[in-house]
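Peer 1: Below: one structure in structure tokens.
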Amino acid sequence: MKRIILVALIGATMTGCAKQAPQTNAYEEFKALLQQTEEQFDALESEEEAQALFGSFTQKSIEFIAKNAESGDAYRIAQELLYMLDTDEKAQVFSYLNPDSLEAYGLESAYQSFLAEKNTCVGCVYTDFETIQADGTPVRVSELLATHPYVLIDFWASWCRPCREMMPFLKGLYEQQDGRLEILGVSLDDDRKKWLGAIEALELNWRHGSDLQGWDDPNAALYGVTGIPCTLLIRASDGLILARGEHDIEKLAALIDE
């Protein structure tokens with residue numbers, strides 16, 4: 001999954017943006033590191049190696065930002081990098097950037113998403129929300145937590161390939177828990193037919209909702225979701241978020257079984 005993200009990022013970096021100022025050395029170094037990392041991914045044989053390489057790439061990229069915080073390069077790198085980072089890494093990046101310059105570089109929205117993510121990170125009490133089911137009735141996270149020890153919120157979309165590839169594993173987790181876990185799929189689709197078609201085709205027999213506003217979904221904004229799939233595991237007994245953005249089904253199962 002990380003390889004897919006890197007490929008997409010390379011495409012965005014190569015394409016560029018009409019409003020960007022001329023690139024200088026730090027940004028060019030970042031692009032070279034990005035390209036090198038993608039090439040190295042092809043030779044890896046294990047998920048552990050992939051995670052180590054990805055971790056090295058993100059840390060070096062954050063160092064580029066730290067060393068060039070007074071130049072526009074830091075903001076350009078941040079534009080390309082932020083959606084790949086976890087909450088703590090994003091906090092590092094924003095600590096190096098001048099808050100007064102974020103809007104000028106198109107980063108104000110990303111900063112607001114980061115603040116929302118920070119308020120819904122692991123260890124935080126969940127924020128309740130309502131979404132609309134296929135039959136038009138609303139469902140709230142709190143309602144599901146009232147009847148299940150654990151709830152997994154899954155932000156996804158029918159057009160998201162990594163989301164669809166994850167579904168068989170989520171189905172296995174759901175069946176394994178035998179009623180202890182409820183899943184609420186929150187789709188970032190804007191096409192009702194495609195949303196419901198994906199649910200049927202993938203045989204997803206848990207709860208689903210969508211405001212059909214795509215990336216403008218208010219619940220995605222509430223949780224600072226900037227990339228999908230994005231899962232959040234919540235424990236009913238204390239309302240704590242136990243995991244965020246965790247795609248390892250075994251780890252999720254272990255958290256439920258603790």
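Here, A, B, ... name the chains of the structure tokens in the order displayed, residue numbers run from 1 inside each chain, and ligands are numbered from 1 in the same displayed order.
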Could you list, as a ChimeraX atom specification, every residue within 10 Å of A:Leu97, counting only C-alpha atoms and ignoring same-chain residues fewer than 4 positions away?

Peer 2: /A:65-66,68-72,74-75,78,92-93,101-102

Peer 1: Could you give me, as a list in words, each residue of stretch 38-227 of chain A that DSSP assigns to strand (DSSP E) when run on this structure's backbone?

Peer 2: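 Answer for stretch 38-227 of chain A, restricted to strand (DSSP E): Glu130, Thr131, Ile132, Pro138, Val139, Arg140, Tyr150, Val151, Leu152, Ile153, Asp154, Phe155, Trp156, Leu181, Glu182, Ile183, Leu184, Gly185, Val186, Ser187, Arg207, His208 and Gly209 of chain A.
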
Peer 1: So which bits of stretch 37-80 of chain A end up helix (DSSP H, G or I) when you DSSP the backbone, as a ChimeraX atom specification?

Peer 2: /A:37-41,47-67,72-80

Peer 1: Quick one: residues within 12 Å of A:Leu144, only C-alpha atoms counted, chain neighbours fewer than 2 positions away excluded, as a short mmCIF file (atom, residue, chain, number, x, y, z; two decimals) with C-alpha atoms, in the first residue's frame?

Peer 2:
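Output file around-v4.cif is given in full below:
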data_model
loop_
_atom_site.label_atom_id
_atom_site.label_comp_id
_atom_site.auth_asym_id
_atom_site.auth_seq_id
_atom_site.Cartn_x
_atom_site.Cartn_y
_atom_site.Cartn_z
CA ASP A 128 -19.45 11.44 17.99
CA PHE A 129 -21.00 12.02 14.56
CA GLU A 130 -23.98 11.06 12.45
CA PRO A 138 -29.21 8.32 10.32
CA VAL A 139 -26.82 6.33 12.46
CA ARG A 140 -24.51 7.68 15.16
CA VAL A 141 -21.25 6.23 16.39
CA SER A 142 -22.54 6.49 19.96
CA ALA A 146 -24.04 1.40 23.16
CA THR A 147 -24.58 -2.10 21.78
CA HIS A 148 -21.04 -3.30 20.93
CA PRO A 149 -17.82 -3.40 22.99
CA TYR A 150 -15.83 -2.10 20.02
CA VAL A 151 -16.59 -0.06 16.91
CA LEU A 152 -14.28 0.29 13.92
CA ILE A 153 -14.90 3.35 11.73
CA GLY A 179 -20.67 -9.66 17.40
CA ARG A 180 -18.15 -7.98 19.73
CA LEU A 181 -17.15 -5.59 16.95
CA GLU A 182 -19.34 -3.39 14.78
CA ILE A 183 -17.90 -1.71 11.71
CA LEU A 184 -19.23 1.58 10.38
CA TRP A 206 -21.80 -4.24 8.35
CA ARG A 207 -23.23 -0.74 8.82
CA HIS A 208 -22.64 1.88 6.15
CA ILE A 234 -12.94 2.73 19.48
CA ARG A 235 -13.53 0.97 22.82
CA ALA A 236 -17.03 1.42 24.22
CA GLY A 239 -14.72 5.86 24.47
#

Peer 1: As a PyMOL selection string, please: the residues near stretch 187-191 of chain A (cut-off 10 Å, only C-alpha atoms, same-chain neighbours under 3 positions excluded).

Peer 2: chain A and resi 131+154-160+184+194-197+208-220+228-229
